[in-house]
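Student: Got a file for you: start37.cif, mmCIF, C-alpha atoms (C1' of nucleotides).
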```cif
data_upload
loop_
_atom_site.label_atom_id
_atom_site.label_comp_id
_atom_site.auth_asym_id
_atom_site.auth_seq_id
_atom_site.Cartn_x
_atom_site.Cartn_y
_atom_site.Cartn_z
CA MET A 186 0.00 0.00 0.00
CA ASN A 187 1.22 3.44 -0.75
CA SER A 188 1.16 5.20 2.57
CA LYS A 189 3.14 7.96 0.93
CA THR A 190 0.23 9.96 -0.39
CA ASP A 191 -2.27 8.45 2.01
CA SER A 192 -2.00 11.17 4.65
CA ARG A 193 -2.13 13.84 2.01
CA GLU A 194 -5.25 12.41 0.44
CA LYS A 195 -7.01 12.03 3.76
CA ILE A 196 -6.26 15.66 4.62
CA VAL A 197 -7.51 16.91 1.25
CA ALA A 198 -10.67 14.78 1.48
CA ALA A 199 -11.47 16.13 4.95
CA ALA A 200 -10.73 19.69 3.86
CA SER A 201 -12.89 19.33 0.78
CA LYS A 202 -15.82 18.10 2.87
CA LEU A 203 -15.52 20.72 5.61
CA PHE A 204 -14.92 23.69 3.28
CA GLN A 205 -18.12 22.85 1.45
CA LEU A 206 -20.08 22.31 4.63
CA LYS A 207 -18.92 25.23 6.76
CA GLY A 208 -17.07 27.49 4.36
CA TYR A 209 -13.43 28.51 4.04
CA THR A 210 -13.07 30.94 6.92
CA ALA A 211 -15.21 29.02 9.40
CA THR A 212 -13.24 25.81 8.89
CA GLY A 213 -10.11 25.66 11.04
CA LEU A 214 -7.01 23.67 10.19
CA ASN A 215 -7.26 21.92 13.55
CA GLU A 216 -10.73 20.73 12.65
CA ILE A 217 -9.54 19.37 9.32
CA LEU A 218 -6.72 17.50 11.03
CA ARG A 219 -9.05 16.09 13.68
CA GLU A 220 -11.42 14.88 10.96
CA SER A 221 -8.65 13.37 8.86
CA GLY A 222 -6.72 11.86 11.74
CA ALA A 223 -3.46 13.36 10.52
CA PRO A 224 -1.18 15.46 12.73
CA LYS A 225 -0.51 19.11 12.11
CA GLY A 226 3.08 18.58 11.01
CA SER A 227 1.95 16.54 8.00
CA LEU A 228 -0.24 19.36 6.80
CA TYR A 229 2.60 21.85 6.58
CA TYR A 230 4.85 19.20 5.10
CA TYR A 231 2.48 18.58 2.20
CA PHE A 232 1.20 22.15 1.98
CA PRO A 233 4.03 24.52 2.95
CA ASN A 234 1.91 27.52 1.98
CA GLY A 235 -0.72 26.59 4.54
CA LYS A 236 -4.45 26.99 4.31
CA GLU A 237 -4.62 28.56 0.87
CA GLU A 238 -2.58 25.81 -0.78
CA LEU A 239 -4.67 23.14 0.94
CA ALA A 240 -7.86 24.84 -0.20
CA LEU A 241 -6.56 24.84 -3.76
CA ALA A 242 -6.15 21.05 -3.64
CA ALA A 243 -9.59 20.73 -2.04
CA VAL A 244 -11.17 22.82 -4.79
CA ASP A 245 -9.54 20.64 -7.43
CA LEU A 246 -10.84 17.48 -5.76
CA THR A 247 -14.37 18.84 -5.31
CA SER A 248 -14.39 20.16 -8.83
CA LYS A 249 -13.36 16.82 -10.36
CA THR A 250 -16.01 14.94 -8.38
CA MET A 251 -18.69 17.46 -9.36
CA GLN A 252 -17.77 17.14 -13.02
CA ALA A 253 -17.92 13.34 -12.84
CA ASN A 254 -21.35 13.45 -11.18
CA VAL A 255 -22.79 15.83 -13.75
CA LEU A 256 -21.28 13.91 -16.67
CA ALA A 257 -22.76 10.66 -15.35
CA GLY A 258 -26.19 12.29 -15.13
CA LEU A 259 -25.96 13.82 -18.60
CA ASN A 260 -24.93 10.50 -20.15
CA SER A 261 -28.05 8.80 -18.77
CA ASP A 262 -30.18 10.07 -21.66
CA SER A 263 -29.61 11.25 -25.21
CA ASP A 264 -32.33 13.89 -24.99
CA PRO A 265 -30.81 17.03 -23.47
CA VAL A 266 -33.91 17.99 -21.45
CA CYS A 267 -34.13 14.52 -19.91
CA ALA A 268 -30.39 14.47 -19.33
CA VAL A 269 -30.24 17.81 -17.51
CA SER A 270 -33.40 16.87 -15.63
CA LYS A 271 -31.62 13.76 -14.39
CA VAL A 272 -28.73 15.88 -13.08
CA ILE A 273 -31.09 18.16 -11.17
CA SER A 274 -33.19 15.24 -9.87
CA ASP A 275 -30.06 13.62 -8.49
CA MET A 276 -29.23 16.85 -6.67
CA ILE A 277 -32.75 17.01 -5.23
CA THR A 278 -32.45 13.43 -3.99
CA ALA A 279 -29.03 14.11 -2.44
CA LEU A 280 -30.32 17.26 -0.78
CA LYS A 281 -33.33 15.43 0.63
CA ASP A 282 -31.17 12.66 2.09
CA ASP A 283 -29.13 15.09 4.14
CA GLY A 284 -29.74 18.79 3.77
CA ARG A 285 -26.09 19.56 3.23
CA LEU A 286 -23.84 20.31 0.33
CA GLN A 287 -21.98 17.25 -0.78
CA THR A 288 -19.99 17.88 -3.90
CA MET A 289 -22.68 19.99 -5.50
CA SER A 290 -21.55 23.59 -5.36
CA LEU A 291 -18.45 25.72 -4.95
CA SER A 292 -20.50 28.91 -4.58
CA MET A 293 -19.79 29.54 -0.90
CA LEU A 294 -16.05 28.99 -1.24
CA ALA A 295 -15.93 31.09 -4.40
CA LEU A 296 -17.82 34.00 -2.84
CA GLU A 297 -15.71 33.85 0.32
CA THR A 298 -12.37 33.85 -1.41
CA CYS A 299 -12.89 35.79 -4.65
CA GLN A 300 -12.07 39.12 -2.99
CA THR A 301 -9.05 37.96 -0.98
CA SER A 302 -7.21 35.25 -2.93
CA ASP A 303 -6.68 35.38 -6.65
CA THR A 304 -5.37 31.81 -6.65
CA LEU A 305 -8.54 30.38 -5.14
CA ARG A 306 -10.76 32.72 -7.12
CA GLU A 307 -9.25 31.54 -10.39
CA ALA A 308 -9.54 27.89 -9.37
CA CYS A 309 -13.24 28.36 -8.66
CA ALA A 310 -13.70 30.33 -11.87
CA ARG A 311 -12.10 27.51 -13.86
CA SER A 312 -14.44 25.03 -12.21
CA PHE A 313 -17.54 27.12 -13.03
CA GLU A 314 -16.30 27.52 -16.58
CA LYS A 315 -15.74 23.79 -16.93
CA MET A 316 -19.22 22.97 -15.64
CA SER A 317 -20.79 25.43 -18.08
CA SER A 318 -18.85 23.88 -20.93
CA ILE A 319 -20.00 20.38 -19.95
CA TYR A 320 -23.63 21.47 -20.23
CA ALA A 321 -22.82 23.30 -23.47
CA GLN A 322 -21.22 20.22 -24.98
CA LYS A 323 -24.32 18.15 -24.28
CA LEU A 324 -26.47 20.73 -26.06
CA LEU A 325 -24.03 20.93 -28.96
CA ASP A 326 -24.15 17.14 -29.34
CA SER A 327 -27.92 17.35 -29.39
CA GLY A 328 -27.96 19.67 -32.34
CA PHE A 329 -28.09 23.11 -30.75
CA SER A 330 -26.10 25.79 -32.50
CA CYS A 331 -22.60 26.50 -31.22
CA GLU A 332 -23.41 29.94 -29.92
CA ARG A 333 -26.71 28.98 -28.33
CA SER A 334 -25.11 25.94 -26.66
CA ALA A 335 -22.46 28.09 -25.04
CA GLU A 336 -24.97 30.64 -23.79
CA LEU A 337 -27.39 28.04 -22.44
CA GLY A 338 -24.52 26.24 -20.72
CA THR A 339 -23.78 29.39 -18.74
CA VAL A 340 -27.47 29.97 -18.02
CA LEU A 341 -27.92 26.39 -16.81
CA GLN A 342 -24.88 26.63 -14.55
CA SER A 343 -26.06 29.97 -13.11
CA MET A 344 -29.59 28.74 -12.59
CA ILE A 345 -28.55 25.50 -10.91
CA GLU A 346 -26.00 27.17 -8.60
CA GLY A 347 -28.59 29.76 -7.64
CA ALA A 348 -31.32 27.17 -7.06
CA ILE A 349 -28.99 25.15 -4.82
CA THR A 350 -28.34 28.27 -2.74
CA LEU A 351 -32.06 29.01 -2.45
CA SER A 352 -32.94 25.40 -1.62
CA LEU A 353 -30.29 25.11 1.08
CA THR A 354 -31.33 28.41 2.62
CA ALA A 355 -35.02 27.53 2.62
CA ARG A 356 -34.33 23.95 3.72
CA ASP A 357 -36.72 23.04 0.95
CA VAL A 358 -35.94 21.61 -2.48
CA LYS A 359 -38.76 23.55 -4.08
CA PRO A 360 -36.52 26.06 -5.92
CA LEU A 361 -34.66 23.17 -7.56
CA GLU A 362 -37.95 21.49 -8.41
CA THR A 363 -39.22 24.71 -9.97
CA VAL A 364 -36.11 24.97 -12.14
CA LEU A 365 -36.63 21.34 -13.11
CA HIS A 366 -40.21 22.11 -14.10
CA GLN A 367 -39.31 25.15 -16.22
CA LEU A 368 -36.39 23.41 -17.91
CA PRO A 369 -38.27 22.24 -21.05
CA LEU A 370 -39.25 25.84 -21.84
CA LEU A 371 -35.71 27.14 -21.55
CA LEU A 372 -34.31 24.39 -23.75
CA ARG A 373 -36.92 24.51 -26.51
CA ARG A 374 -35.42 23.93 -29.92
CA ASP A 375 -37.66 26.19 -31.96
CA SER A 376 -37.02 29.82 -32.74
CA GLY A 377 -33.59 30.11 -31.26
CA VAL A 378 -32.50 33.71 -30.87
CA MET B 229 -31.14 65.54 15.69
CA ASN B 230 -31.81 62.09 17.02
CA SER B 231 -28.48 60.79 18.15
CA LYS B 232 -30.37 58.02 19.90
CA THR B 233 -30.47 55.56 17.04
CA ASP B 234 -27.57 57.16 15.20
CA SER B 235 -24.88 54.89 16.63
CA ARG B 236 -27.06 51.88 16.06
CA GLU B 237 -27.68 52.75 12.46
CA LYS B 238 -24.03 53.43 11.75
CA ILE B 239 -23.10 50.05 13.22
CA VAL B 240 -25.75 48.24 11.17
CA ALA B 241 -24.73 50.04 7.99
CA ALA B 242 -21.06 49.13 8.47
CA ALA B 243 -21.98 45.53 9.31
CA SER B 244 -24.21 45.27 6.28
CA LYS B 245 -21.44 46.48 4.00
CA LEU B 246 -18.70 44.31 5.46
CA PHE B 247 -20.77 41.14 5.72
CA GLN B 248 -21.56 41.38 2.01
CA LEU B 249 -17.99 42.17 1.09
CA LYS B 250 -16.06 39.68 3.22
CA GLY B 251 -18.69 37.31 4.53
CA TYR B 252 -20.07 36.63 8.00
CA THR B 253 -17.22 34.64 9.55
CA ALA B 254 -14.40 36.65 8.04
CA THR B 255 -15.81 39.95 9.32
CA GLY B 256 -14.82 40.68 12.91
CA LEU B 257 -16.80 42.84 15.27
CA ASN B 258 -13.72 44.98 15.84
CA GLU B 259 -13.59 45.70 12.13
CA ILE B 260 -17.24 46.70 12.06
CA LEU B 261 -16.73 49.05 14.99
CA ARG B 262 -13.63 50.57 13.43
CA GLU B 263 -15.54 51.19 10.18
CA SER B 264 -18.56 52.65 11.95
CA GLY B 265 -16.59 54.72 14.47
CA ALA B 266 -18.65 53.37 17.37
CA PRO B 267 -17.07 51.80 20.46
CA LYS B 268 -17.52 48.16 21.41
CA GLY B 269 -19.77 48.90 24.37
CA SER B 270 -22.42 50.40 22.11
CA LEU B 271 -22.58 47.25 20.05
CA TYR B 272 -23.47 45.05 23.00
CA TYR B 273 -25.83 47.69 24.31
CA TYR B 274 -27.86 47.69 21.10
CA PHE B 275 -27.31 44.00 20.30
CA PRO B 276 -27.09 42.07 23.58
CA ASN B 277 -27.01 38.77 21.68
CA GLY B 278 -23.85 39.79 19.87
CA LYS B 279 -22.83 39.03 16.34
CA GLU B 280 -25.86 36.98 15.33
CA GLU B 281 -28.34 39.66 16.39
CA LEU B 282 -26.32 42.33 14.60
CA ALA B 283 -26.22 40.19 11.47
CA LEU B 284 -29.99 39.83 11.62
CA ALA B 285 -30.37 43.61 11.53
CA ALA B 286 -27.80 43.82 8.74
CA VAL B 287 -29.69 41.24 6.68
CA ASP B 288 -32.91 43.19 7.12
CA LEU B 289 -31.23 46.40 5.98
CA THR B 290 -29.54 44.77 2.98
CA SER B 291 -32.74 43.01 2.06
CA LYS B 292 -34.81 46.19 2.13
CA THR B 293 -32.30 48.06 -0.03
CA MET B 294 -32.13 45.20 -2.51
CA GLN B 295 -35.90 45.11 -2.80
CA ALA B 296 -36.06 48.86 -3.39
CA ASN B 297 -33.38 48.63 -6.10
CA VAL B 298 -35.13 45.80 -7.93
CA LEU B 299 -38.54 47.44 -7.65
CA ALA B 300 -37.14 50.68 -9.08
CA GLY B 301 -35.69 48.77 -12.03
CA LEU B 302 -38.89 46.81 -12.65
CA ASN B 303 -41.01 49.97 -12.61
CA SER B 304 -38.89 51.53 -15.35
CA ASP B 305 -40.80 49.67 -18.07
CA SER B 306 -44.22 48.07 -18.45
CA ASP B 307 -42.89 45.26 -20.59
CA PRO B 308 -41.63 42.50 -18.26
CA VAL B 309 -38.66 41.53 -20.45
CA CYS B 310 -37.48 45.14 -20.67
CA ALA B 311 -38.10 45.64 -16.95
CA VAL B 312 -36.11 42.60 -15.81
CA SER B 313 -33.42 43.48 -18.36
CA LYS B 314 -33.13 46.88 -16.72
CA VAL B 315 -32.61 45.26 -13.31
CA ILE B 316 -29.83 43.04 -14.65
CA SER B 317 -28.22 45.88 -16.63
CA ASP B 318 -28.08 47.97 -13.47
CA MET B 319 -26.30 45.11 -11.70
CA ILE B 320 -23.81 44.81 -14.56
CA THR B 321 -23.10 48.53 -14.39
CA ALA B 322 -22.65 48.41 -10.61
CA LEU B 323 -20.36 45.40 -10.89
CA LYS B 324 -18.25 47.09 -13.54
CA ASP B 325 -17.83 50.24 -11.44
CA ASP B 326 -16.30 48.32 -8.56
CA GLY B 327 -16.10 44.57 -8.77
CA ARG B 328 -17.70 44.06 -5.38
CA LEU B 329 -21.07 43.14 -4.05
CA GLN B 330 -23.00 46.20 -3.04
CA THR B 331 -26.52 45.35 -2.01
CA MET B 332 -26.98 42.82 -4.76
CA SER B 333 -26.85 39.40 -3.18
CA LEU B 334 -27.24 37.64 0.17
CA SER B 335 -25.92 34.35 -1.22
CA MET B 336 -22.62 34.31 0.65
CA LEU B 337 -24.17 35.17 3.99
CA ALA B 338 -27.00 32.68 3.43
CA LEU B 339 -24.64 29.84 2.52
CA GLU B 340 -22.34 30.63 5.43
CA THR B 341 -25.03 30.70 8.07
CA CYS B 342 -27.73 28.30 6.86
CA GLN B 343 -26.09 25.32 8.58
CA THR B 344 -25.29 27.03 11.87
CA SER B 345 -27.96 29.62 12.64
CA ASP B 346 -31.65 29.05 12.04
CA THR B 347 -32.39 32.68 12.80
CA LEU B 348 -30.11 33.99 10.06
CA ARG B 349 -31.03 31.20 7.69
CA GLU B 350 -34.71 32.07 7.97
CA ALA B 351 -34.04 35.78 7.53
CA CYS B 352 -32.13 35.06 4.30
CA ALA B 353 -34.82 32.62 3.16
CA ARG B 354 -37.48 35.29 3.70
CA SER B 355 -35.41 37.74 1.65
CA PHE B 356 -35.00 35.29 -1.23
CA GLU B 357 -38.72 34.52 -1.09
CA LYS B 358 -39.60 38.21 -1.17
CA MET B 359 -37.35 38.85 -4.17
CA SER B 360 -38.90 35.94 -6.06
CA SER B 361 -42.38 37.28 -5.30
CA ILE B 362 -41.41 40.76 -6.56
CA TYR B 363 -40.40 39.28 -9.92
CA ALA B 364 -43.55 37.12 -9.90
CA GLN B 365 -45.80 40.11 -9.25
CA LYS B 366 -44.35 41.94 -12.26
CA LEU B 367 -45.11 38.94 -14.46
CA LEU B 368 -48.59 38.59 -13.02
CA ASP B 369 -49.28 42.26 -13.75
CA SER B 370 -48.10 41.68 -17.31
CA GLY B 371 -50.65 38.97 -17.91
CA PHE B 372 -48.77 35.78 -17.08
CA SER B 373 -50.81 33.11 -15.36
CA CYS B 374 -50.63 32.94 -11.59
CA GLU B 375 -48.80 29.63 -11.47
CA ARG B 376 -46.35 30.46 -14.25
CA SER B 377 -45.58 33.86 -12.66
CA ALA B 378 -44.69 32.21 -9.37
CA GLU B 379 -42.46 29.63 -11.02
CA LEU B 380 -40.68 32.14 -13.25
CA GLY B 381 -40.14 34.42 -10.25
CA THR B 382 -38.19 31.65 -8.54
CA VAL B 383 -36.30 30.82 -11.73
CA LEU B 384 -35.35 34.47 -12.26
CA GLN B 385 -34.16 34.84 -8.68
CA SER B 386 -32.10 31.63 -8.90
CA MET B 387 -30.61 32.56 -12.25
CA ILE B 388 -29.67 36.08 -11.18
CA GLU B 389 -28.13 35.01 -7.85
CA GLY B 390 -26.16 32.32 -9.67
CA ALA B 391 -24.99 34.67 -12.41
CA ILE B 392 -23.82 37.20 -9.80
CA THR B 393 -21.77 34.47 -8.14
CA LEU B 394 -20.24 33.42 -11.46
CA SER B 395 -19.52 37.00 -12.52
CA LEU B 396 -17.84 37.90 -9.24
CA THR B 397 -15.73 34.76 -9.32
CA ALA B 398 -14.64 35.27 -12.92
CA ARG B 399 -14.19 39.03 -12.40
CA ASP B 400 -16.13 39.31 -15.64
CA VAL B 401 -19.76 40.32 -16.12
CA LYS B 402 -20.19 37.92 -19.02
CA PRO B 403 -22.40 35.43 -17.11
CA LEU B 404 -24.81 38.24 -16.24
CA GLU B 405 -24.72 39.46 -19.84
CA THR B 406 -25.48 35.96 -21.08
CA VAL B 407 -28.48 35.70 -18.76
CA LEU B 408 -29.59 39.09 -20.04
CA HIS B 409 -29.31 37.85 -23.61
CA GLN B 410 -31.30 34.65 -22.99
CA LEU B 411 -33.99 36.42 -20.98
CA PRO B 412 -36.47 36.95 -23.87
CA LEU B 413 -36.58 33.22 -24.53
CA LEU B 414 -37.28 32.32 -20.93
CA LEU B 415 -40.08 34.87 -20.66
CA ARG B 416 -41.84 34.12 -23.93
CA ARG B 417 -45.61 34.39 -23.61
CA ASP B 418 -46.62 31.64 -26.05
CA SER B 419 -47.17 28.02 -25.17
CA GLY B 420 -46.86 28.27 -21.44
CA VAL B 421 -46.48 24.87 -19.82
"C1'" DG C 92 -26.37 55.23 28.39
"C1'" DT C 93 -21.66 55.36 26.78
"C1'" DC C 94 -17.33 53.62 26.65
"C1'" DT C 95 -12.57 51.00 27.96
"C1'" DA C 96 -9.88 47.29 29.49
"C1'" DT C 97 -9.55 42.70 29.67
"C1'" DA C 98 -10.83 37.86 30.02
"C1'" DG C 99 -10.94 33.29 27.83
"C1'" DG C 100 -10.60 30.76 23.83
"C1'" DT C 101 -9.32 29.81 19.03
"C1'" DT C 102 -6.80 30.57 15.02
"C1'" DG C 103 -2.81 29.87 11.46
"C1'" DA C 104 1.80 29.05 11.63
"C1'" DT C 105 6.56 27.48 13.31
"C1'" DA C 106 10.53 25.26 15.54
"C1'" DG C 107 12.60 21.30 16.55
"C1'" DA C 108 12.49 16.29 18.52
"C1'" DC C 109 12.35 11.73 16.70
"C1'" DG D 49 9.50 12.22 6.58
"C1'" DT D 50 6.54 12.26 10.58
"C1'" DC D 51 4.89 14.30 14.46
"C1'" DT D 52 4.39 17.44 19.04
"C1'" DA D 53 4.74 21.53 21.73
"C1'" DT D 54 4.25 26.14 21.47
"C1'" DC D 55 3.86 30.90 19.54
"C1'" DA D 56 1.78 35.44 18.70
"C1'" DA D 57 -2.36 37.34 16.94
"C1'" DC D 58 -6.97 37.39 16.61
"C1'" DC D 59 -11.62 36.58 17.91
"C1'" DT D 60 -16.26 37.19 20.76
"C1'" DA D 61 -17.93 38.48 24.91
"C1'" DT D 62 -17.99 40.61 29.56
"C1'" DA D 63 -17.22 43.40 33.70
"C1'" DG D 64 -17.18 47.67 35.44
"C1'" DA D 65 -15.67 52.82 35.28
"C1'" DC D 66 -17.64 57.13 34.05
#
```
Please lay out the structure from this file as structure tokens.
Tutor:
Amino acid sequence: MNSKTDSREKIVAAASKLFQLKGYTATGLNEILRESGAPKGSLYYYFPNGKEELALAAVDLTSKTMQANVLAGLNSDSDPVCAVSKVISDMITALKDDGRLQTMSLSMLALETCQTSDTLREACARSFEKMSSIYAQKLLDSGFSCERSAELGTVLQSMIEGAITLSLTARDVKPLETVLHQLPLLLRRDSGV
Amino acid sequence: MNSKTDSREKIVAAASKLFQLKGYTATGLNEILRESGAPKGSLYYYFPNGKEELALAAVDLTSKTMQANVLAGLNSDSDPVCAVSKVISDMITALKDDGRLQTMSLSMLALETCQTSDTLREACARSFEKMSSIYAQKLLDSGFSCERSAELGTVLQSMIEGAITLSLTARDVKPLETVLHQLPLLLRRDSGV
DNA sequence: GTCTATAGGTTGATAGAC
DNA sequence: GTCTATCAACCTATAGAC
């Protein structure tokens, strides 16, 4: 077994979970270490630049998992409306199971850090951009025009991030369900602008 | 002059500004007091329950200002597409002037506090709900059906909050501009679901 | 009522033993 | 390489002088 990167991975996994749950500022390094079981020395061995460098690794991990989840949902159906609906339904189910963020949104971390750390801001921006492009690619494959696919990808990403925020705040998945319900209208093929 | 509530109002105004800019956890009470010019004793005189009670007042202030801004934009045109476009254009202009949140979104504060404080979570949820209903009322007045108005109000609120998050993170108003561009399609009158 | 000084606890980070 | 003991700085909250 490779115990070499094991400590590192456990720290990043714990950080990724806690940053999403409580936010960047509210999550202490001690808490991350307690959760991961690793001692403090290991953290500064693997991440000499401290909290910011660890958060960067956590964002990358969260981002990759999010992308995999969305891609899996999109691949479940060839019809783009059904495919995106599946992605949102999965989020609703996950949110109902436990009312917490679990690899669904980087919004809190992005908003917290975008004014204070360019490194983290850019990492979050890349993640948002990637998610938009994943939605756009699905639309492009389904016959939407190049320009309209790109625009709708951004709109979908905005709408879903916003609906997650509203649903978490209300402790009620209704905003996500409403977006789900209005999805067919937004993605109509006819009379594209 | 009524100096009675003057200190209180200055504290709430400073808190409202800093909470939106840096977030709830990252903003210290000392910083708020420094910004407002009031001493620490006054804070605990007006807000015996400390930071949470102050944040509640700050959310109420921010929420009221946001509602006034959106209502002003919506009243600028009788056509709902033009009216909502005006609201979003104003946000784009404000974001271009200085790339910071200024009475535009409670998303960061809502995400930060929704897992730890029911009081603040509910205050943010009420604000989101109110904003959705303001958009819905405009659509209702423009002849949309009652049910469709309510649903589109939620979708608009989600989409705009999400696009603000994306624009701030990317330091680029393009996501908001894209939403603006796709707005006419979302709000088409024909063939309502 | 208004304000200051300080308590008590936590944070991110470091130095150095093994 | 891995870990522990400890630092200085910061936080929220309080007690009590004016």
Student: What lies within 12 Å of B:Leu257 using only C-alpha atoms (C1' of nucleotides), ignoring chain neighbours under 2 positions off, as a count of residues only?
Tutor: 35
Student: At a cut-off of 12 Å, using all atoms listed in the file, what residues contact B:Thr393? Leave out same-chain residues fewer than 4 positions from it and give the result as a PyMOL selection string.
Tutor: (chain A and resi 290-300+306+309-310+313+339+342-347+350) or (chain B and resi 323+327-329+332-336+339+386-389+397-404)
Student: Could you list, as number ranges by chain, every residue within 10 Å of C:DA106, counting all atoms listed in the file and ignoring same-chain residues fewer than 3 positions away?
Tutor: D: 53-55
Student: Counting all atoms listed in the file, note down every residue that has an atom within 9 Å of the point (-38.1, 46.2, -10.4) (file coordinates), as a list in words.
Tutor: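 With a cut-off of 9 Å, the residues come to Gln295, Ala296, Asn297, Val298, Leu299, Ala300, Gly301, Leu302, Asn303, Ser304, Asp305, Ala311, Val312, Lys314, Val315, Ile362, Tyr363 and Lys366 of chain B.
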Student: Do you know which residues the PyMOL selection byres ((chain C and resi 102) around 10) returns on this file, as a ChimeraX atom specification?
Tutor: /A:213-215 /C:100-101,103-104 /D:57-59
Student: Generate the output file for the selected residues, C-alpha atoms (C1' of nucleotides), as a compact mmCIF listing (two decimals), in the frame of the given file.
Tutor:
```
# COMPACT_ATOMS: atom_id res chain seq x y z
CA GLY A 213 -10.11 25.66 11.04
CA LEU A 214 -7.01 23.67 10.19
CA ASN A 215 -7.26 21.92 13.55
C1' DG C 100 -10.60 30.76 23.83
C1' DT C 101 -9.32 29.81 19.03
C1' DG C 103 -2.81 29.87 11.46
C1' DA C 104 1.80 29.05 11.63
C1' DA D 57 -2.36 37.34 16.94
C1' DC D 58 -6.97 37.39 16.61
C1' DC D 59 -11.62 36.58 17.91
```
Student: Counting all atoms listed in the file, which residue out of A:Asp264, A:Lys207, A:Ser302, A:Ala321 sits closest to chain B?
Tutor: A:Lys207
Student: May I ask for the distance between atom CA of B:Ala286 and atom CA of B:Ala241, given in Å to one decimal place?
Tutor: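 That distance, rounded to one decimal, is 7.0 Å.
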Student: Return as JSON the centre and edge lengths, in Å with one decimal, of the box along x, y and z that encloses every atom of stretch 404-407 of chain B in the file, padded by 3 Å per side.
Tutor:
```
{"center_x": -26.6, "center_y": 37.6, "center_z": -18.7, "size_x": 9.8, "size_y": 9.8, "size_z": 10.8}
```
Student: Could you tell me which residues the PyMOL selection byres ((chain D and resi 63) around 10) grabs in this file, written as a PyMOL selection string?
Tutor: (chain C and resi 96-98) or (chain D and resi 62+64-65)
Student: Restricting the output to C-alpha atoms (C1' of nucleotides), write the selected residues as a PDB file, keeping the file's coordinate frame.
Tutor:
```pdb
ATOM      1  C1'  DA C  96      -9.880  47.290  29.490  1.00  0.00           C
ATOM      2  C1'  DT C  97      -9.550  42.700  29.670  1.00  0.00           C
ATOM      3  C1'  DA C  98     -10.830  37.860  30.020  1.00  0.00           C
TER       4       DA C  98
ATOM      5  C1'  DT D  62     -17.990  40.610  29.560  1.00  0.00           C
ATOM      6  C1'  DG D  64     -17.180  47.670  35.440  1.00  0.00           C
ATOM      7  C1'  DA D  65     -15.670  52.820  35.280  1.00  0.00           C
TER       8       DA D  65
END
```
Student: Can you work out which one of B:Thr344, B:Ser370, B:Thr290, B:Ser317 has the shortest atom-to-atom distance to chain A, counting all atoms listed in the file?
Tutor: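 Of all the options, B:Thr344 lies closest to chain A.
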